[in-house]
file protein.cif (mmCIF, C-alpha atoms)
data_target
loop_
_atom_site.group_PDB
_atom_site.id
_atom_site.type_symbol
_atom_site.label_atom_id
_atom_site.label_comp_id
_atom_site.auth_asym_id
_atom_site.auth_seq_id
_atom_site.Cartn_x
_atom_site.Cartn_y
_atom_site.Cartn_z
ATOM 1 C CA MET A 1 30.151 61.744 -187.887
ATOM 2 C CA ARG A 2 29.928 64.283 -185.086
ATOM 3 C CA THR A 3 30.773 67.085 -187.501
ATOM 4 C CA TYR A 4 27.890 65.932 -189.684
ATOM 5 C CA PHE A 5 25.505 66.107 -186.729
ATOM 6 C CA LYS A 6 26.384 69.741 -186.100
ATOM 7 C CA ILE A 7 26.059 70.760 -189.743
ATOM 8 C CA ALA A 8 22.724 68.980 -190.096
ATOM 9 C CA ILE A 9 21.255 70.629 -187.044
ATOM 10 C CA GLY A 10 22.732 73.984 -188.001
ATOM 11 C CA VAL A 11 20.859 74.151 -191.299
ATOM 12 C CA MET A 12 17.554 72.730 -190.093
ATOM 13 C CA MET A 13 14.675 75.108 -189.434
ATOM 14 C CA VAL A 14 13.124 74.325 -186.061
ATOM 15 C CA SER A 15 9.837 76.164 -186.107
ATOM 16 C CA PHE A 16 6.077 75.865 -186.011
ATOM 17 C CA ILE A 17 5.303 76.757 -189.633
ATOM 18 C CA GLY A 18 2.036 77.209 -191.476
ATOM 19 C CA ILE A 19 0.339 78.810 -188.473
ATOM 20 C CA THR A 20 -0.864 82.391 -188.453
ATOM 21 C CA SER A 21 -0.992 84.777 -185.545
ATOM 22 C CA THR A 22 -3.898 87.209 -185.205
ATOM 23 C CA LEU A 23 -2.736 89.536 -182.434
ATOM 24 C CA ALA A 24 -4.060 93.031 -181.962
ATOM 25 C CA SER A 25 -2.052 95.914 -180.531
ATOM 26 C CA ARG A 26 -3.840 96.010 -177.172
ATOM 27 C CA PRO A 27 -6.400 93.528 -175.752
ATOM 28 C CA ALA A 28 -9.753 95.077 -174.788
ATOM 29 C CA LEU A 29 -9.602 93.187 -171.479
ATOM 30 C CA SER A 30 -6.667 94.204 -169.297
ATOM 31 C CA GLU A 31 -4.419 91.844 -167.357
ATOM 32 C CA GLU A 32 -5.741 93.297 -164.093
ATOM 33 C CA GLN A 33 -9.354 92.787 -165.120
ATOM 34 C CA ALA A 34 -8.740 89.233 -166.340
ATOM 35 C CA LEU A 35 -6.912 88.050 -163.214
ATOM 36 C CA THR A 36 -9.387 89.781 -160.919
ATOM 37 C CA MET A 37 -12.286 88.043 -162.660
ATOM 38 C CA ILE A 38 -10.657 84.672 -161.992
ATOM 39 C CA TYR A 39 -8.958 85.089 -158.613
ATOM 40 C CA GLY A 40 -10.782 88.044 -157.068
ATOM 41 C CA ASN A 41 -7.670 90.160 -156.545
ATOM 42 C CA TYR A 42 -4.685 91.767 -158.262
ATOM 43 C CA ASN A 43 -1.610 93.622 -157.011
ATOM 44 C CA PRO A 44 -0.698 96.338 -159.557
ATOM 45 C CA GLU A 45 2.802 96.703 -158.059
ATOM 46 C CA THR A 46 3.847 93.061 -158.355
ATOM 47 C CA LYS A 47 1.392 92.309 -161.198
ATOM 48 C CA TYR A 48 0.390 89.102 -159.409
ATOM 49 C CA ALA A 49 -2.922 87.716 -158.224
ATOM 50 C CA THR A 50 -2.884 85.641 -155.046
ATOM 51 C CA TRP A 51 -4.536 82.204 -155.218
ATOM 52 C CA THR A 52 -5.341 80.631 -151.845
ATOM 53 C CA ASN A 53 -6.641 77.167 -150.958
ATOM 54 C CA ILE A 54 -5.686 75.887 -154.390
ATOM 55 C CA PRO A 55 -7.889 72.833 -155.125
ATOM 56 C CA PHE A 56 -5.218 70.665 -156.713
ATOM 57 C CA PRO A 57 -6.486 67.623 -158.610
ATOM 58 C CA LYS A 58 -4.866 64.464 -157.256
ATOM 59 C CA LYS A 59 -2.588 64.027 -160.265
ATOM 60 C CA MET A 60 -1.397 67.652 -160.020
ATOM 61 C CA ILE A 61 -0.373 67.725 -156.339
ATOM 62 C CA SER A 62 3.147 69.164 -155.975
ATOM 63 C CA SER A 63 5.487 69.225 -152.973
ATOM 64 C CA PHE A 64 6.335 72.841 -153.873
ATOM 65 C CA PHE A 65 2.758 73.873 -153.036
ATOM 66 C CA GLU A 66 2.420 72.388 -149.555
ATOM 67 C CA GLU A 67 0.625 75.536 -148.353
ATOM 68 C CA LYS A 68 -1.766 75.416 -151.330
ATOM 69 C CA LYS A 69 -1.099 79.079 -152.002
ATOM 70 C CA GLY A 70 0.394 80.700 -155.082
ATOM 71 C CA TYR A 71 1.153 83.883 -156.974
ATOM 72 C CA VAL A 72 -0.479 83.948 -160.404
ATOM 73 C CA LYS A 73 1.084 85.988 -163.203
ATOM 74 C CA ALA A 74 -0.115 86.502 -166.770
ATOM 75 C CA ILE A 75 2.306 85.052 -169.322
ATOM 76 C CA SER A 76 0.347 86.333 -172.303
ATOM 77 C CA LEU A 77 -2.985 87.992 -173.044
ATOM 78 C CA LEU A 78 -3.878 87.599 -176.717
ATOM 79 C CA ASP A 79 -7.036 88.795 -178.432
ATOM 80 C CA PHE A 80 -8.673 87.250 -181.486
ATOM 81 C CA ARG A 81 -12.021 86.914 -183.242
ATOM 82 C CA GLU A 82 -13.754 83.550 -183.487
ATOM 83 C CA ASN A 83 -17.321 82.675 -184.511
ATOM 84 C CA ILE A 84 -18.168 86.384 -184.852
ATOM 85 C CA LYS A 85 -17.119 86.958 -181.229
ATOM 86 C CA ASN A 86 -14.282 88.961 -179.742
ATOM 87 C CA LYS A 87 -12.215 86.722 -177.485
ATOM 88 C CA ILE A 88 -9.155 86.861 -175.224
ATOM 89 C CA PHE A 89 -6.757 83.976 -174.563
ATOM 90 C CA LEU A 90 -5.031 84.313 -171.185
ATOM 91 C CA LEU A 91 -2.076 82.095 -170.292
ATOM 92 C CA THR A 92 -0.871 82.093 -166.670
ATOM 93 C CA LYS A 93 1.844 80.675 -164.460
ATOM 94 C CA THR A 94 1.466 80.023 -160.735
ATOM 95 C CA ILE A 95 4.412 79.777 -158.316
ATOM 96 C CA PRO A 96 4.500 79.133 -154.547
ATOM 97 C CA THR A 97 4.344 82.122 -152.219
ATOM 98 C CA ASN A 98 6.632 80.808 -149.488
ATOM 99 C CA ILE A 99 9.832 79.677 -151.234
ATOM 100 C CA PRO A 100 12.300 80.949 -153.878
ATOM 101 C CA PHE A 101 11.354 79.479 -157.231
ATOM 102 C CA ASP A 102 14.340 79.669 -159.573
ATOM 103 C CA CYS A 103 15.808 76.152 -159.467
ATOM 104 C CA HIS A 104 16.110 73.671 -162.332
ATOM 105 C CA ALA A 105 13.235 71.573 -160.978
ATOM 106 C CA CYS A 106 11.083 74.643 -160.251
ATOM 107 C CA LEU A 107 8.327 74.234 -162.818
ATOM 108 C CA PRO A 108 5.438 76.732 -162.612
ATOM 109 C CA LEU A 109 1.850 75.559 -162.838
ATOM 110 C CA ILE A 110 0.535 76.544 -166.268
ATOM 111 C CA GLY A 111 -3.115 77.501 -166.686
ATOM 112 C CA ALA A 112 -5.276 79.176 -169.321
ATOM 113 C CA THR A 113 -8.622 80.905 -169.737
ATOM 114 C CA VAL A 114 -10.583 82.022 -172.804
ATOM 115 C CA PHE A 115 -12.841 85.044 -172.357
ATOM 116 C CA ALA A 116 -15.633 85.902 -174.798
ATOM 117 C CA GLU A 117 -17.350 89.276 -175.178
ATOM 118 C CA ASN A 118 -21.136 89.161 -174.830
ATOM 119 C CA ASN A 119 -23.148 92.386 -175.164
ATOM 120 C CA GLY A 120 -20.185 94.443 -174.054
ATOM 121 C CA ASN A 121 -19.347 92.203 -171.088
ATOM 122 C CA TRP A 122 -16.536 89.671 -170.781
ATOM 123 C CA GLU A 123 -17.400 86.114 -169.721
ATOM 124 C CA ILE A 124 -15.291 83.011 -169.160
ATOM 125 C CA GLU A 125 -15.926 80.618 -172.059
ATOM 126 C CA ALA A 126 -13.284 77.948 -171.388
ATOM 127 C CA GLN A 127 -10.801 77.406 -168.584
ATOM 128 C CA ASN A 128 -8.228 75.007 -167.185
ATOM 129 C CA LYS A 129 -6.120 76.232 -164.272
ATOM 130 C CA PHE A 130 -4.196 72.950 -164.067
ATOM 131 C CA ILE A 131 -2.881 72.218 -167.553
ATOM 132 C CA MET A 132 0.687 71.171 -166.705
ATOM 133 C CA TYR A 133 3.903 72.018 -164.890
ATOM 134 C CA ASP A 134 6.589 73.341 -167.234
ATOM 135 C CA GLY A 135 9.325 75.958 -167.611
ATOM 136 C CA GLU A 136 12.549 75.028 -165.778
ATOM 137 C CA TYR A 137 13.990 77.732 -163.507
ATOM 138 C CA GLY A 138 10.546 79.326 -163.664
ATOM 139 C CA GLU A 139 11.269 80.647 -167.169
ATOM 140 C CA LEU A 140 8.422 81.651 -169.478
ATOM 141 C CA PRO A 141 7.693 79.969 -172.830
ATOM 142 C CA THR A 142 7.459 81.620 -176.225
ATOM 143 C CA VAL A 143 3.712 81.857 -176.877
ATOM 144 C CA LYS A 144 1.879 82.126 -180.209
ATOM 145 C CA LEU A 145 -1.789 82.287 -181.055
ATOM 146 C CA ILE A 146 -2.386 79.639 -183.713
ATOM 147 C CA GLU A 147 -5.225 78.673 -186.039
ATOM 148 C CA VAL A 148 -6.001 75.026 -185.252
ATOM 149 C CA GLY A 149 -9.110 74.717 -187.413
ATOM 150 C CA LYS A 150 -11.550 76.697 -189.510
ATOM 151 C CA ASN A 151 -12.326 79.669 -187.277
ATOM 152 C CA LYS A 152 -10.767 77.881 -184.298
ATOM 153 C CA PHE A 153 -7.738 79.052 -182.333
ATOM 154 C CA GLY A 154 -5.336 77.676 -179.769
ATOM 155 C CA LEU A 155 -1.886 78.393 -178.368
ATOM 156 C CA SER A 156 1.565 77.028 -179.072
ATOM 157 C CA LEU A 157 4.063 77.134 -176.201
ATOM 158 C CA GLU A 158 7.781 76.638 -176.851
ATOM 159 C CA PHE A 159 9.901 75.812 -173.813
ATOM 160 C CA ASN A 160 13.710 75.897 -173.823
ATOM 161 C CA ARG A 161 15.418 73.437 -171.495
ATOM 162 C CA VAL A 162 18.991 74.256 -170.568
ATOM 163 C CA ALA A 163 19.821 71.125 -168.598
ATOM 164 C CA VAL A 164 19.040 68.645 -171.379
ATOM 165 C CA ARG A 165 19.509 71.107 -174.270
ATOM 166 C CA ASP A 166 16.197 70.640 -175.995
ATOM 167 C CA LYS A 167 13.131 72.585 -177.066
ATOM 168 C CA GLU A 168 9.615 71.282 -176.560
ATOM 169 C CA LEU A 169 6.463 72.507 -178.244
ATOM 170 C CA SER A 170 3.078 72.194 -176.523
ATOM 171 C CA ILE A 171 -0.272 72.869 -178.217
ATOM 172 C CA LEU A 172 -3.253 74.033 -176.150
ATOM 173 C CA ILE A 173 -6.768 73.898 -177.603
ATOM 174 C CA PRO A 174 -10.100 75.036 -176.076
ATOM 175 C CA TYR A 175 -12.433 72.057 -176.159
ATOM 176 C CA ASN A 176 -15.788 71.427 -174.433
ATOM 177 C CA LYS A 177 -15.438 74.462 -172.119
ATOM 178 C CA THR A 178 -11.997 73.407 -170.919
ATOM 179 C CA ILE A 179 -8.518 73.909 -172.374
ATOM 180 C CA ILE A 180 -6.527 70.792 -173.123
ATOM 181 C CA LEU A 181 -2.917 69.931 -173.759
ATOM 182 C CA ALA A 182 -3.581 68.413 -177.180
ATOM 183 C CA HIS A 183 -0.005 67.563 -178.214
ATOM 184 C CA THR A 184 3.614 67.883 -177.141
ATOM 185 C CA GLU A 185 6.647 67.475 -179.375
ATOM 186 C CA VAL A 186 10.395 67.758 -178.830
ATOM 187 C CA ILE A 187 11.387 70.002 -181.736
ATOM 188 C CA TYR A 188 15.118 70.128 -180.985
ATOM 189 C CA TYR A 189 17.516 67.900 -179.055
ATOM 190 C CA GLU A 190 21.281 67.364 -178.951
ATOM 191 C CA ASN A 191 23.778 65.987 -176.447
ATOM 192 C CA PHE A 192 27.077 67.193 -177.959
ATOM 193 C CA ASN A 193 28.521 68.433 -174.670
ATOM 194 C CA ASP A 194 28.044 65.000 -173.143
ATOM 195 C CA CYS A 195 29.046 62.759 -176.038
ATOM 196 C CA GLU A 196 32.162 64.714 -177.036
ATOM 197 C CA TYR A 197 33.699 64.248 -173.598
ATOM 198 C CA SER A 198 32.582 60.689 -173.027
ATOM 199 C CA LYS A 199 33.656 57.450 -174.670
ATOM 200 C CA THR A 200 30.438 55.685 -173.707
ATOM 201 C CA ILE A 201 27.684 58.170 -174.635
ATOM 202 C CA PRO A 202 26.684 58.142 -178.335
ATOM 203 C CA CYS A 203 25.964 61.482 -179.974
ATOM 204 C CA GLU A 204 22.326 62.295 -180.713
ATOM 205 C CA ALA A 205 20.765 65.218 -182.554
ATOM 206 C CA HIS A 206 17.286 65.523 -184.003
ATOM 207 C CA THR A 207 14.735 68.159 -184.949
ATOM 208 C CA ALA A 208 11.016 68.208 -185.656
ATOM 209 C CA ASN A 209 9.188 70.610 -187.937
ATOM 210 C CA VAL A 210 5.533 70.998 -186.892
ATOM 211 C CA SER A 211 2.795 72.378 -189.148
ATOM 212 C CA LEU A 212 -0.983 72.306 -189.565
ATOM 213 C CA ASN A 213 -2.640 71.168 -192.799
ATOM 214 C CA LYS A 214 -5.280 73.776 -193.602
ATOM 215 C CA SER A 215 -6.515 71.913 -196.678
ATOM 216 C CA ILE A 216 -8.390 69.451 -194.464
ATOM 217 C CA SER A 217 -12.163 70.070 -194.411
ATOM 218 C CA ASP A 218 -12.632 68.793 -190.833
ATOM 219 C CA ASP A 219 -13.338 71.171 -187.940
ATOM 220 C CA TYR A 220 -9.715 70.828 -186.803
ATOM 221 C CA TYR A 221 -6.687 70.756 -189.095
ATOM 222 C CA ASN A 222 -4.411 67.728 -189.163
ATOM 223 C CA LEU A 223 -1.031 68.089 -187.496
ATOM 224 C CA LYS A 224 2.066 67.125 -189.483
ATOM 225 C CA VAL A 225 5.399 66.419 -187.767
ATOM 226 C CA LYS A 226 8.556 65.929 -189.863
ATOM 227 C CA LYS A 227 11.469 64.476 -187.883
ATOM 228 C CA PHE A 228 15.086 64.291 -188.961
ATOM 229 C CA GLY A 229 18.392 63.401 -187.309
ATOM 230 C CA THR A 230 19.589 60.615 -185.047
ATOM 231 C CA THR A 231 18.310 59.087 -181.824
ATOM 232 C CA TYR A 232 19.774 56.489 -179.491
ATOM 233 C CA SER A 233 18.348 52.979 -179.812
ATOM 234 C CA GLU A 234 18.411 51.067 -176.541
ATOM 235 C CA LYS A 235 17.767 47.872 -178.476
ATOM 236 C CA ARG A 236 20.674 48.375 -180.889
ATOM 237 C CA LYS A 237 22.938 50.161 -178.349
ATOM 238 C CA LYS A 238 23.841 52.912 -180.778
ATOM 239 C CA SER A 239 22.475 56.051 -182.427
ATOM 240 C CA MET A 240 20.239 55.367 -185.409
ATOM 241 C CA PRO A 241 18.894 57.657 -188.159
ATOM 242 C CA VAL A 242 15.425 59.158 -188.059
ATOM 243 C CA ASP A 243 13.755 60.585 -191.174
ATOM 244 C CA GLU A 244 9.996 60.386 -190.923
ATOM 245 C CA THR A 245 6.731 62.267 -191.300
ATOM 246 C CA ILE A 246 3.853 61.599 -188.919
ATOM 247 C CA THR A 247 0.313 62.931 -189.396
ATOM 248 C CA TYR A 248 -2.053 63.372 -186.455
ATOM 249 C CA LYS A 249 -5.826 63.944 -186.425
ATOM 250 C CA PHE A 250 -7.650 65.784 -183.636
ATOM 251 C CA ILE A 251 -10.006 63.221 -182.100
ATOM 252 C CA ASN A 252 -11.881 63.698 -178.814
ATOM 253 C CA GLY A 253 -9.500 66.297 -177.479
ATOM 254 C CA LYS A 254 -6.177 64.789 -178.550
ATOM 255 C CA TYR A 255 -4.062 64.564 -181.666
ATOM 256 C CA LYS A 256 -3.860 60.877 -182.579
ATOM 257 C CA GLU A 257 -1.504 59.378 -185.154
ATOM 258 C CA ILE A 258 -3.240 58.396 -188.396
ATOM 259 C CA SER A 259 -0.323 57.938 -190.797
ATOM 260 C CA HIS A 260 3.426 57.426 -190.794
ATOM 261 C CA ALA A 261 5.987 57.642 -193.601
ATOM 262 C CA GLY A 262 9.737 57.237 -193.559
ATOM 263 C CA SER A 263 12.088 55.454 -191.190
ATOM 264 C CA SER A 264 12.431 55.632 -187.421
ATOM 265 C CA TYR A 265 14.266 53.691 -184.762
ATOM 266 C CA ILE A 266 12.473 55.230 -181.799
ATOM 267 C CA GLU A 267 11.958 52.520 -179.185
ATOM 268 C CA SER A 268 8.182 52.483 -179.408
ATOM 269 C CA LYS A 269 8.448 51.478 -183.071
ATOM 270 C CA GLU A 270 10.959 48.677 -182.545
ATOM 271 C CA TYR A 271 9.727 45.106 -182.610
#
call {"tool": "encode", "arguments": {"input": "protein.cif", "output": "structure tokens"}}
result
Amino acid sequence: MRTYFKIAIGVMMVSFIGITSTLASRPALSEEQALTMIYGNYNPETKYATWTNIPFPKKMISSFFEEKKGYVKAISLLDFRENIKNKIFLLTKTIPTNIPFDCHACLPLIGATVFAENNGNWEIEAQNKFIMYDGEYGELPTVKLIEVGKNKFGLSLEFNRVAVRDKELSILIPYNKTIILAHTEVIYYENFNDCEYSKTIPCEAHTANVSLNKSISDDYYNLKVKKFGTTYSEKRKKSMPVDETITYKFINGKYKEISHAGSSYIESKEY
């Protein structure tokens, strides 16, 4: 059975398919200009902006940022054209200034800003400096510009996690002048190192293939997630098969499930 798990995962494609990237060779707005517009400063040697007196929302307060001061670095600066406007999508990470930040639990603060060009000038169109904490050991995600609707763009962020051996996909979408975390999905998970050396831990391995359905006439495309593999059932005390397709619709800033096909033994679906 364990050999089957490895073969199944080995031949599965774990990717965000059906999404196009519209990157140009060089953004018209530089990293220095973008960070200076937001934070008022930029160090060309370190390529960081310094953010002081960070106004953390209550739910985003972190013990790592006791001094409320951070270094902000651009993860990606991607340009695109939307609604006949030239735009730039900036993704940033913020780390504390007073401590080393390379541990497993050291998750940078992820933020994003969309700039739009207006009569030759760049203006902030949408922004969220406090989207989430993610990226163990301070590592950067793989970032793609994605088409989330007719003439609408967002970002996909793929994080690799070494400790639990999984990959997680996050989708960011500009919405009502902010930028929201619209959906997260574990697209790869396995625990072979643990289960092969333990008599009590069942083996698990599953993937998810994420795509956007561009045939939908709504403003935002539906999100389709196809899951395959095995997952541990706490109720049944063993690993159970998963082979399902879930469709989500973008409603009021979030992807919400609208249909489900196939079989799943994930705990939330057990009755």
call {"tool": "residues_around", "arguments": {"input": "protein.cif", "residues": "Ile201 (chain A)", "least_positions_apart": "6", "cutoff": "9 Å", "atoms": "all atoms listed in the file", "output": "list in words"}}
result
Asn191, Asp194, Cys195 and Lys238 of chain A
call {"tool": "atom_distance", "arguments": {"input": "protein.cif", "atom1": "CA of Met37 (chain A)", "atom2": "CA of Glu117 (chain A)"}}
result
13.6 Å
call {"tool": "resolve_selection", "arguments": {"input": "protein.cif", "expression": "the PyMOL selection byres ((chain A and resi 251) around 12)", "output": "PyMOL selection string"}}
result
chain A and resi 175+182-183+218-223+248-250+252-258
call {"tool": "closest_residue", "arguments": {"input": "protein.cif", "among": "A:His206, A:Val114, A:Lys227, A:Glu190", "to": "Ile173 (chain A)", "atoms": "all atoms listed in the file"}}
result
A:Val114
call {"tool": "resolve_selection", "arguments": {"input": "protein.cif", "expression": "the PyMOL selection byres ((chain A and resi 189) around 10)", "output": "PyMOL selection string"}}
result
chain A and resi 9+161+164-168+186-188+190-192+204-208+229-231
call {"tool": "atom_distance", "arguments": {"input": "protein.cif", "atom1": "CA of Tyr133 (chain A)", "atom2": "CA of Ile99 (chain A)"}}
result
16.7 Å
call {"tool": "resolve_selection", "arguments": {"input": "protein.cif", "expression": "the PyMOL selection byres ((chain A and resi 79) around 12)", "output": "PyMOL selection string"}}
result
chain A and resi 21-31+76-78+80-82+85-91+113-117+144-146+153-155
call {"tool": "write_last_selection", "arguments": {"input": "protein.cif", "atoms": "C-alpha atoms", "output": "mmCIF file, keeping the file's coordinate frame"}}
result
data_model
loop_
_atom_site.group_PDB
_atom_site.id
_atom_site.type_symbol
_atom_site.label_atom_id
_atom_site.label_comp_id
_atom_site.auth_asym_id
_atom_site.auth_seq_id
_atom_site.Cartn_x
_atom_site.Cartn_y
_atom_site.Cartn_z
ATOM 1 C CA SER A 21 -0.992 84.777 -185.545
ATOM 2 C CA THR A 22 -3.898 87.209 -185.205
ATOM 3 C CA LEU A 23 -2.736 89.536 -182.434
ATOM 4 C CA ALA A 24 -4.060 93.031 -181.962
ATOM 5 C CA SER A 25 -2.052 95.914 -180.531
ATOM 6 C CA ARG A 26 -3.840 96.010 -177.172
ATOM 7 C CA PRO A 27 -6.400 93.528 -175.752
ATOM 8 C CA ALA A 28 -9.753 95.077 -174.788
ATOM 9 C CA LEU A 29 -9.602 93.187 -171.479
ATOM 10 C CA SER A 30 -6.667 94.204 -169.297
ATOM 11 C CA GLU A 31 -4.419 91.844 -167.357
ATOM 12 C CA SER A 76 0.347 86.333 -172.303
ATOM 13 C CA LEU A 77 -2.985 87.992 -173.044
ATOM 14 C CA LEU A 78 -3.878 87.599 -176.717
ATOM 15 C CA PHE A 80 -8.673 87.250 -181.486
ATOM 16 C CA ARG A 81 -12.021 86.914 -183.242
ATOM 17 C CA GLU A 82 -13.754 83.550 -183.487
ATOM 18 C CA LYS A 85 -17.119 86.958 -181.229
ATOM 19 C CA ASN A 86 -14.282 88.961 -179.742
ATOM 20 C CA LYS A 87 -12.215 86.722 -177.485
ATOM 21 C CA ILE A 88 -9.155 86.861 -175.224
ATOM 22 C CA PHE A 89 -6.757 83.976 -174.563
ATOM 23 C CA LEU A 90 -5.031 84.313 -171.185
ATOM 24 C CA LEU A 91 -2.076 82.095 -170.292
ATOM 25 C CA THR A 113 -8.622 80.905 -169.737
ATOM 26 C CA VAL A 114 -10.583 82.022 -172.804
ATOM 27 C CA PHE A 115 -12.841 85.044 -172.357
ATOM 28 C CA ALA A 116 -15.633 85.902 -174.798
ATOM 29 C CA GLU A 117 -17.350 89.276 -175.178
ATOM 30 C CA LYS A 144 1.879 82.126 -180.209
ATOM 31 C CA LEU A 145 -1.789 82.287 -181.055
ATOM 32 C CA ILE A 146 -2.386 79.639 -183.713
ATOM 33 C CA PHE A 153 -7.738 79.052 -182.333
ATOM 34 C CA GLY A 154 -5.336 77.676 -179.769
ATOM 35 C CA LEU A 155 -1.886 78.393 -178.368
#
call {"tool": "closest_residue", "arguments": {"input": "protein.cif", "among": "A:Lys68, A:Glu136, A:Thr52, A:Thr178", "to": "Gly111 (chain A)", "atoms": "only C-alpha atoms"}}
result
A:Thr178
call {"tool": "residues_around", "arguments": {"input": "protein.cif", "residues": "His260 (chain A)", "least_positions_apart": "3", "cutoff": "8 Å", "atoms": "all atoms listed in the file", "output": "PyMOL selection string"}}
result
chain A and resi 244-247+257
call {"tool": "atom_distance", "arguments": {"input": "protein.cif", "atom1": "CA of Ala112 (chain A)", "atom2": "CA of Asn209 (chain A)"}}
result
25.1 Å
call {"tool": "closest_residue", "arguments": {"input": "protein.cif", "among": "A:Ser263, A:Lys69, A:Ala74, A:Gly149", "to": "Ile216 (chain A)", "atoms": "all atoms listed in the file"}}
result
A:Gly149
call {"tool": "residues_around", "arguments": {"input": "protein.cif", "residues": "Thr94 (chain A)", "least_positions_apart": "5", "cutoff": "8 Å", "atoms": "only C-alpha atoms", "output": "ChimeraX atom specification"}}
result
/A:70-73,108-111
call {"tool": "residues_near_point", "arguments": {"input": "protein.cif", "point": "(10.7, 75.4, -154.3)", "cutoff": "12 Å", "atoms": "all atoms listed in the file", "output": "ChimeraX atom specification"}}
result
/A:62-67,70,95-108,136-138
call {"tool": "closest_residue", "arguments": {"input": "protein.cif", "among": "A:Ile84, A:Ala126, A:Lys58, A:Asp243", "to": "Ile38 (chain A)", "atoms": "all atoms listed in the file"}}
result
A:Ala126
call {"tool": "residues_near_point", "arguments": {"input": "protein.cif", "point": "(-14.1, 73.2, -171.9)", "cutoff": "9 Å", "atoms": "only C-alpha atoms", "output": "ChimeraX atom specification"}}
result
/A:125-128,174-180
call {"tool": "write_last_selection", "arguments": {"input": "protein.cif", "atoms": "C-alpha atoms", "output": "short mmCIF file (atom, residue, chain, number, x, y, z; two decimals), in the coordinates of the input"}}
result
data_model
loop_
_atom_site.label_atom_id
_atom_site.label_comp_id
_atom_site.auth_asym_id
_atom_site.auth_seq_id
_atom_site.Cartn_x
_atom_site.Cartn_y
_atom_site.Cartn_z
CA GLU A 125 -15.93 80.62 -172.06
CA ALA A 126 -13.28 77.95 -171.39
CA GLN A 127 -10.80 77.41 -168.58
CA ASN A 128 -8.23 75.01 -167.18
CA PRO A 174 -10.10 75.04 -176.08
CA TYR A 175 -12.43 72.06 -176.16
CA ASN A 176 -15.79 71.43 -174.43
CA LYS A 177 -15.44 74.46 -172.12
CA THR A 178 -12.00 73.41 -170.92
CA ILE A 179 -8.52 73.91 -172.37
CA ILE A 180 -6.53 70.79 -173.12
#
call {"tool": "closest_residue", "arguments": {"input": "protein.cif", "among": "A:Asn121, A:Ser198, A:Glu32, A:Tyr232", "to": "Thr46 (chain A)", "atoms": "only C-alpha atoms"}}
result
A:Glu32
call {"tool": "axis_aligned_box", "arguments": {"input": "protein.cif", "around": "region 218-232 of chain A", "padding_each_side": "8 Å", "output": "lines of an AutoDock Vina configuration file"}}
result
center_x = 3.2
center_y = 63.8
center_z = -185.2
size_x = 49.1
size_y = 30.7
size_z = 27.3
call {"tool": "closest_residue", "arguments": {"input": "protein.cif", "among": "A:Pro202, A:Asn213, A:Gly262, A:Ala34", "to": "Ser239 (chain A)", "atoms": "all atoms listed in the file"}}
result
A:Pro202
